[in-house]
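**Q** Structure file coords09.txt (compact mmCIF, C-alpha atoms) is given on the next line.
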# COMPACT_ATOMS: atom_id res chain seq x y z
CA MET A 1 0.00 0.00 0.00
CA ARG A 2 2.78 2.41 0.84
CA THR A 3 4.59 1.62 -2.44
CA ARG A 4 1.47 2.33 -4.48
CA TRP A 5 0.93 5.55 -2.56
CA ARG A 6 4.49 6.68 -3.32
CA ALA A 7 4.15 5.80 -7.02
CA GLY A 8 0.92 7.72 -7.27
CA LEU A 9 2.47 10.68 -5.52
CA ALA A 10 5.46 10.64 -7.90
CA ALA A 11 3.19 10.45 -10.96
CA ALA A 12 1.17 13.37 -9.66
CA ALA A 13 4.39 15.34 -9.16
CA VAL A 14 5.47 14.64 -12.76
CA ALA A 15 2.07 15.69 -14.11
CA PHE A 16 2.21 18.87 -12.02
CA ALA A 17 5.71 19.61 -13.34
CA LEU A 18 4.62 19.09 -16.94
CA ALA A 19 1.65 21.36 -16.41
CA GLY A 20 3.98 23.95 -14.91
CA CYS A 21 6.25 23.73 -17.92
CA SER A 22 3.32 24.21 -20.29
CA ALA A 23 2.09 27.21 -18.34
CA ALA A 24 5.58 28.73 -18.34
CA GLU A 25 5.87 28.21 -22.12
CA ASN A 26 2.49 29.80 -22.75
CA GLY A 27 3.49 32.80 -20.69
CA ALA A 28 6.82 33.05 -22.47
CA SER A 29 5.14 32.76 -25.87
CA SER A 30 2.71 35.52 -25.00
CA THR A 31 5.62 37.68 -23.89
CA ALA A 32 7.49 36.89 -27.14
CA ASP A 33 4.45 37.71 -29.26
CA SER A 34 3.98 41.03 -27.55
CA ALA A 35 7.70 41.73 -27.85
CA GLY A 36 7.66 40.85 -31.55
CA THR A 37 5.26 43.70 -32.27
CA GLY A 38 7.89 46.16 -31.11
CA PRO A 39 7.91 48.59 -28.18
CA VAL A 40 5.41 51.42 -28.14
CA PRO A 41 7.26 54.70 -28.51
CA ALA A 42 6.97 57.07 -25.58
CA ALA A 43 5.08 60.28 -26.00
CA PRO A 44 7.28 63.30 -26.64
CA GLN A 45 8.13 65.24 -23.49
CA GLN A 46 8.15 68.98 -23.29
CA GLY A 47 11.46 70.55 -22.43
CA LYS A 48 12.09 73.88 -20.77
CA GLY A 49 11.93 75.70 -24.08
CA GLY A 50 8.56 74.16 -24.93
CA ALA A 51 10.02 72.02 -27.76
CA ALA A 52 9.12 68.36 -27.96
CA LYS A 53 11.83 65.96 -26.89
CA VAL A 54 12.07 63.19 -29.50
CA THR A 55 13.25 59.78 -28.35
CA PRO A 56 16.09 58.53 -30.60
CA PRO A 57 15.38 55.31 -32.54
CA GLN A 58 16.63 52.12 -30.97
CA ALA A 59 19.60 50.28 -32.44
CA GLY A 60 18.65 47.76 -35.10
CA ALA A 61 15.30 49.41 -35.87
CA THR A 62 16.33 49.77 -39.53
CA ASP A 63 17.78 46.24 -39.77
CA ARG A 64 14.86 44.78 -41.70
CA LYS A 65 14.72 41.22 -43.02
CA LEU A 66 13.60 41.36 -46.66
CA SER A 67 12.71 38.46 -48.93
CA ARG A 68 13.15 39.49 -52.58
CA SER A 69 12.09 37.82 -55.82
CA ALA A 70 11.83 38.85 -59.48
CA ARG A 71 10.22 37.73 -62.73
CA LEU A 72 11.53 38.33 -66.26
CA GLU A 73 10.01 37.60 -69.68
CA LEU A 74 12.26 37.88 -72.74
CA THR A 75 12.14 37.14 -76.45
CA ALA A 76 15.09 35.71 -78.40
CA THR A 77 15.92 34.34 -81.83
CA LYS A 78 17.72 31.39 -80.24
CA VAL A 79 16.32 30.32 -76.88
CA THR A 80 19.14 27.95 -75.88
CA ASP A 81 21.78 30.66 -76.19
CA VAL A 82 19.90 33.00 -73.84
CA VAL A 83 19.41 30.19 -71.30
CA ALA A 84 23.14 29.41 -71.33
CA GLN A 85 24.01 33.09 -70.85
CA ALA A 86 21.53 33.39 -67.96
CA ARG A 87 23.14 30.41 -66.23
CA GLY A 88 26.57 32.01 -66.59
CA ILE A 89 25.35 35.32 -65.11
CA ALA A 90 23.82 33.57 -62.09
CA GLN A 91 26.93 31.49 -61.43
CA GLY A 92 29.16 34.52 -61.85
CA ALA A 93 27.20 36.30 -59.11
CA GLY A 94 27.61 33.38 -56.72
CA GLY A 95 24.21 31.82 -57.40
CA TYR A 96 22.92 28.69 -59.08
CA THR A 97 20.20 27.39 -61.40
CA GLY A 98 17.14 25.68 -59.97
CA GLN A 99 14.28 24.17 -61.94
CA GLU A 100 14.66 24.43 -65.73
CA SER A 101 12.66 23.44 -68.79
CA THR A 102 14.17 24.31 -72.19
CA GLY A 103 12.85 23.71 -75.71
CA ASP A 104 13.38 25.13 -79.20
CA GLU A 105 10.46 27.57 -78.96
CA SER A 106 10.43 28.51 -75.25
CA ALA A 107 12.19 27.97 -71.93
CA THR A 108 11.49 28.56 -68.24
CA LEU A 109 14.12 28.51 -65.54
CA SER A 110 14.56 29.58 -61.93
CA LEU A 111 17.75 31.29 -60.76
CA ALA A 112 18.90 31.87 -57.18
CA VAL A 113 21.38 34.70 -56.55
CA PRO A 114 22.61 36.53 -53.44
CA ALA A 115 20.03 39.12 -52.40
CA ASP A 116 22.55 41.97 -52.37
CA LYS A 117 23.44 41.25 -56.03
CA LEU A 118 19.89 40.93 -57.34
CA ASP A 119 19.70 44.41 -58.93
CA GLY A 120 22.92 43.96 -60.90
CA VAL A 121 21.91 40.48 -62.05
CA LEU A 122 18.52 41.77 -63.22
CA ASP A 123 20.19 44.50 -65.27
CA GLN A 124 22.38 41.92 -67.02
CA LEU A 125 19.54 39.49 -67.64
CA SER A 126 17.28 42.23 -69.00
CA HIS A 127 19.71 42.90 -71.87
CA LEU A 128 19.72 39.29 -73.09
CA GLY A 129 17.79 38.17 -76.14
CA THR A 130 15.91 40.35 -78.61
CA SER A 131 13.68 42.39 -76.28
CA LEU A 132 12.45 42.64 -72.69
CA VAL A 133 8.71 41.95 -72.45
CA LYS A 134 8.16 42.14 -68.67
CA ARG A 135 10.20 42.80 -65.53
CA GLU A 136 8.70 42.46 -62.04
CA LEU A 137 10.36 42.86 -58.63
CA ASN A 138 8.72 41.79 -55.36
CA THR A 139 9.96 42.55 -51.84
CA GLN A 140 8.41 41.09 -48.68
CA ASP A 141 9.29 42.23 -45.15
CA VAL A 142 9.67 39.11 -42.96
CA THR A 143 11.23 40.86 -39.94
CA GLU A 144 8.33 40.09 -37.60
CA GLN A 145 8.28 36.45 -38.68
CA VAL A 146 12.01 36.11 -37.97
CA VAL A 147 11.66 37.73 -34.52
CA ASP A 148 8.67 35.53 -33.66
CA VAL A 149 10.38 32.30 -34.70
CA GLU A 150 13.57 33.17 -32.79
CA ALA A 151 11.57 33.89 -29.62
CA ARG A 152 9.61 30.66 -29.93
CA LEU A 153 12.85 28.76 -30.52
CA ALA A 154 14.37 30.10 -27.30
CA THR A 155 11.23 29.16 -25.35
CA GLN A 156 11.05 25.69 -26.88
CA ARG A 157 14.73 24.97 -26.17
CA ALA A 158 14.20 25.87 -22.51
CA SER A 159 11.12 23.64 -22.44
CA VAL A 160 13.04 20.68 -23.85
CA GLU A 161 15.79 21.14 -21.25
CA ARG A 162 13.22 21.13 -18.43
CA ILE A 163 11.63 17.94 -19.71
CA ARG A 164 15.05 16.30 -19.94
CA ALA A 165 15.69 17.26 -16.32
CA LEU A 166 12.40 15.65 -15.32
CA LEU A 167 13.35 12.52 -17.25
CA ALA A 168 16.61 12.30 -15.32
CA ARG A 169 14.67 12.38 -12.01
CA ALA A 170 11.99 9.88 -13.05
CA THR A 171 12.09 6.59 -11.12
CA SER A 172 9.19 4.38 -12.22
CA VAL A 173 8.48 2.94 -15.65
CA SER A 174 5.22 4.88 -15.95
CA GLU A 175 6.97 8.15 -15.13
CA ILE A 176 9.71 7.49 -17.67
CA ALA A 177 7.19 6.59 -20.40
CA SER A 178 5.10 9.72 -19.73
CA VAL A 179 8.09 12.06 -19.68
CA GLU A 180 9.66 10.49 -22.79
CA SER A 181 6.42 10.90 -24.73
CA GLU A 182 6.26 14.58 -23.80
CA LEU A 183 9.96 15.03 -24.64
CA THR A 184 9.47 13.51 -28.10
CA SER A 185 6.57 15.85 -28.83
CA ARG A 186 8.47 18.94 -27.75
CA GLU A 187 11.62 17.96 -29.65
CA ALA A 188 9.51 17.58 -32.82
CA THR A 189 8.13 21.08 -32.27
CA LEU A 190 11.69 22.35 -31.79
CA GLU A 191 12.83 20.78 -35.09
CA SER A 192 9.87 22.33 -36.90
CA LEU A 193 10.74 25.77 -35.58
CA GLU A 194 14.38 25.32 -36.61
CA GLN A 195 13.25 24.45 -40.15
CA GLN A 196 11.10 27.59 -40.25
CA ARG A 197 14.07 29.65 -39.08
CA ASN A 198 16.34 28.15 -41.74
CA SER A 199 13.75 28.68 -44.47
CA LEU A 200 13.34 32.35 -43.54
CA ALA A 201 17.09 32.82 -43.41
CA GLY A 202 17.45 31.27 -46.87
CA SER A 203 14.76 33.48 -48.39
CA VAL A 204 16.48 36.56 -46.97
CA ALA A 205 20.00 35.56 -48.05
CA MET A 206 19.13 34.36 -51.58
CA ALA A 207 16.75 36.01 -54.05
CA THR A 208 14.96 34.06 -56.78
CA VAL A 209 14.51 35.06 -60.43
CA ALA A 210 11.87 33.30 -62.56
CA MET A 211 12.73 33.67 -66.25
CA THR A 212 10.63 32.94 -69.34
CA VAL A 213 12.24 33.07 -72.81
CA ARG A 214 10.16 32.83 -75.99
CA SER A 215 11.38 32.41 -79.57
CA VAL A 216 10.79 35.06 -82.27
CA ALA A 217 11.71 35.16 -85.99
CA ALA A 218 15.12 36.56 -86.84
CA PRO A 219 15.06 40.10 -88.33
CA PRO A 220 16.20 40.56 -91.97
CA PRO A 221 19.88 41.34 -92.53
CA PRO A 222 20.70 45.06 -92.43
CA GLY A 223 20.73 46.76 -95.83
CA GLU A 224 18.39 44.25 -97.45
CA ASP A 225 15.42 46.19 -98.91
CA HIS A 226 12.21 44.27 -99.65
CA SER A 227 10.20 47.26 -100.90
CA GLY A 228 10.02 49.08 -104.27
CA PHE A 229 10.98 47.83 -107.73
CA LEU A 230 14.13 46.04 -106.61
CA GLY A 231 12.25 44.34 -103.79
CA GLY A 232 9.55 43.18 -106.22
CA LEU A 233 12.18 41.96 -108.70
CA ALA A 234 13.97 40.04 -105.96
CA GLY A 235 10.69 38.54 -104.80
CA GLY A 236 9.72 37.52 -108.35
CA TRP A 237 13.11 35.92 -109.00
CA HIS A 238 12.84 34.03 -105.74
CA ALA A 239 9.35 32.81 -106.69
CA PHE A 240 10.62 31.75 -110.16
CA LEU A 241 13.46 29.77 -108.58
CA VAL A 242 11.02 28.09 -106.23
CA PHE A 243 8.66 27.23 -109.13
CA GLY A 244 11.52 25.97 -111.32
CA GLY A 245 12.87 23.87 -108.50
CA GLY A 246 9.45 22.36 -107.94
CA LEU A 247 8.99 21.63 -111.66
CA LEU A 248 12.36 19.91 -111.89
CA THR A 249 11.48 17.86 -108.85
CA VAL A 250 8.26 16.66 -110.52
CA LEU A 251 10.08 15.84 -113.79
CA GLY A 252 12.70 13.91 -111.90
CA ALA A 253 9.99 11.93 -110.13
CA ILE A 254 8.16 10.92 -113.38
CA ALA A 255 11.26 10.39 -115.57
CA PRO A 256 11.50 6.62 -114.86
CA PHE A 257 7.87 6.18 -115.88
CA LEU A 258 8.43 8.19 -119.11
CA LEU A 259 11.20 5.83 -120.18
CA PHE A 260 8.76 2.95 -119.98
CA LEU A 261 5.62 4.67 -121.30
CA ALA A 262 7.18 6.58 -124.24
CA PRO A 263 7.83 3.47 -126.43
CA LEU A 264 4.34 2.13 -125.73
CA GLY A 265 2.82 5.49 -126.66
CA TRP A 266 4.76 5.65 -129.91
CA LEU A 267 3.70 2.09 -130.82
CA ALA A 268 0.05 2.87 -130.13
CA TRP A 269 0.25 6.00 -132.27
CA TRP A 270 1.85 4.06 -135.17
CA LEU A 271 -0.81 1.34 -135.10
CA HIS A 272 -3.58 3.90 -135.00
CA ARG A 273 -2.10 5.80 -137.97
CA ARG A 274 -1.67 2.60 -139.97
CA ARG A 275 -5.32 1.70 -139.54
CA ARG A 276 -6.41 5.08 -140.84
CA ILE A 277 -4.40 4.73 -144.13
CA PRO A 278 -6.88 3.33 -146.77
CA ALA A 279 -5.87 0.26 -148.76
CA PRO A 280 -5.03 0.94 -152.50
CA GLU A 281 -7.91 0.18 -154.96
CA PRO A 282 -7.25 -2.44 -157.69
CA GLU A 283 -6.66 -1.11 -161.20
CA GLN A 284 -9.39 -1.76 -163.81
CA GLY A 285 -8.33 -2.97 -167.31
Take the structure in this file and express it as structure tokens.

**A**
Amino acid sequence: MRTRWRAGLAAAAVAFALAGCSAAENGASSTADSAGTGPVPAAPQQGKGGAAKVTPPQAGATDRKLSRSARLELTATKVTDVVAQARGIAQGAGGYTGQESTGDESATLSLAVPADKLDGVLDQLSHLGTSLVKRELNTQDVTEQVVDVEARLATQRASVERIRALLARATSVSEIASVESELTSREATLESLEQQRNSLAGSVAMATVAMTVRSVAAPPPPGEDHSGFLGGLAGGWHAFLVFGGGLLTVLGAIAPFLLFLAPLGWLAWWLHRRRRIPAPEPEQG
């Protein structure tokens, strides 16, 4: 009876400790959320001269976390050449190529470049190909998300350490199983927060550029005039050459049949002509 009473008392103590940890985390999270919104600036105070006393901005107030991305749409006479040049520009800036789909008529690719070099890379990419159809630049402020995740990470790390301390003091099998289950859950939450932190850090450090390249017909060579008398003469000569080439192609295709049909045609014509020649009448004495 005394052993059961002690076990029950120990289990109750573990449950009370876990509940205390949860309450402490909720309080810390609430404090972190309120801290993430930033301090409320104090009202300006009147000095002796009646002028308002402005509180100087806190350090780091302008250190914003920005996630930048861009989209480009170009036209080119040769799509593969523009794609190769875009890859070289991204690699030269310290970036890399992500997803890519390239064909003869069009191509889409995603480039990742350092955020501080995005403007220069966009200028270089915009001059590729024949013409720039569209250029878009998006900037998202993720400062509050970064602050919130960092605060939640600190709280969750402290929570995991407290649960590990409880696990070290657990004596019975039921206590160990209960504490280990809670520790596993909180460690999973900690890993999820770390992944969010890493994803935000990656989006701030590297900017993405989504490119679309479409094929267009090559312009005529400079100095070649297709208007006026000379243009008409050149067009007519070109049409004559095309017609003559087509006619020769047809003659070449039927030439073997002509070699076989020509003798038969001549023989048929000769027989027909012979039948039409009347026989000579006999002479009368």

**Q** What does the structure give for the distance between atom CA of Trp270 of chain A and atom CA of Phe257 of chain A, in Å to one decimal?

**A**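 Between these atoms lies a distance of 20.3 Å.
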
**Q** Can you measure atom CA of Ser203 of chain A to atom CA of Ser67 of chain A for me? One decimal in Å is fine.

**A**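 Atom CA of Ser67 of chain A lies 5.4 Å from atom CA of Ser203 of chain A.
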
**Q** Atom CA of Asp119 of chain A to atom CA of Ala207 of chain A: how many Å, to one decimal?

**A** 10.2 Å

**Q** Here is a test: counting only C-alpha atoms, which residue of A:Leu258, A:Ala115, A:Val133, A:Ala268 is nearest to Met211 of chain A?

**A**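 Of A:Leu258, A:Ala115, A:Val133, A:Ala268, the one nearest Met211 of chain A, counting only C-alpha atoms, is A:Val133.
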
**Q** Could you list as a ChimeraX atom specification every residue that has an atom within 9 Å of (11.7, 28.8, -33.6), using the file's coordinates and counting only C-alpha atoms?

**A** /A:146-157,189-197

**Q** Could you check the closest approach to Leu200 of chain A for each of A:Leu66, A:Leu166, A:Leu271, A:Val173 and tell me which residue wins, using only C-alpha atoms?

**A**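 Closest to Leu200 of chain A of all the choices is A:Leu66.
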
**Q** For segment 92-105 of chain A, please output as a ChimeraX atom specification all residues within 12 Å (counting all atoms listed in the file; exclusion window: fewer than 2 positions along the same chain).

**A** /A:75-90,107-122,124-125,205-217

**Q** I need the chosen residues saved as a short mmCIF file (atom, residue, chain, number, x, y, z; two decimals), in the coordinates of the input, with C-alpha atoms.

**A**
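The result, written out as result-v5.cif:
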data_model
loop_
_atom_site.label_atom_id
_atom_site.label_comp_id
_atom_site.auth_asym_id
_atom_site.auth_seq_id
_atom_site.Cartn_x
_atom_site.Cartn_y
_atom_site.Cartn_z
CA THR A 75 12.14 37.14 -76.45
CA ALA A 76 15.09 35.71 -78.40
CA THR A 77 15.92 34.34 -81.83
CA LYS A 78 17.72 31.39 -80.24
CA VAL A 79 16.32 30.32 -76.88
CA THR A 80 19.14 27.95 -75.88
CA ASP A 81 21.78 30.66 -76.19
CA VAL A 82 19.90 33.00 -73.84
CA VAL A 83 19.41 30.19 -71.30
CA ALA A 84 23.14 29.41 -71.33
CA GLN A 85 24.01 33.09 -70.85
CA ALA A 86 21.53 33.39 -67.96
CA ARG A 87 23.14 30.41 -66.23
CA GLY A 88 26.57 32.01 -66.59
CA ILE A 89 25.35 35.32 -65.11
CA ALA A 90 23.82 33.57 -62.09
CA ALA A 107 12.19 27.97 -71.93
CA THR A 108 11.49 28.56 -68.24
CA LEU A 109 14.12 28.51 -65.54
CA SER A 110 14.56 29.58 -61.93
CA LEU A 111 17.75 31.29 -60.76
CA ALA A 112 18.90 31.87 -57.18
CA VAL A 113 21.38 34.70 -56.55
CA PRO A 114 22.61 36.53 -53.44
CA ALA A 115 20.03 39.12 -52.40
CA ASP A 116 22.55 41.97 -52.37
CA LYS A 117 23.44 41.25 -56.03
CA LEU A 118 19.89 40.93 -57.34
CA ASP A 119 19.70 44.41 -58.93
CA GLY A 120 22.92 43.96 -60.90
CA VAL A 121 21.91 40.48 -62.05
CA LEU A 122 18.52 41.77 -63.22
CA GLN A 124 22.38 41.92 -67.02
CA LEU A 125 19.54 39.49 -67.64
CA ALA A 205 20.00 35.56 -48.05
CA MET A 206 19.13 34.36 -51.58
CA ALA A 207 16.75 36.01 -54.05
CA THR A 208 14.96 34.06 -56.78
CA VAL A 209 14.51 35.06 -60.43
CA ALA A 210 11.87 33.30 -62.56
CA MET A 211 12.73 33.67 -66.25
CA THR A 212 10.63 32.94 -69.34
CA VAL A 213 12.24 33.07 -72.81
CA ARG A 214 10.16 32.83 -75.99
CA SER A 215 11.38 32.41 -79.57
CA VAL A 216 10.79 35.06 -82.27
CA ALA A 217 11.71 35.16 -85.99
#
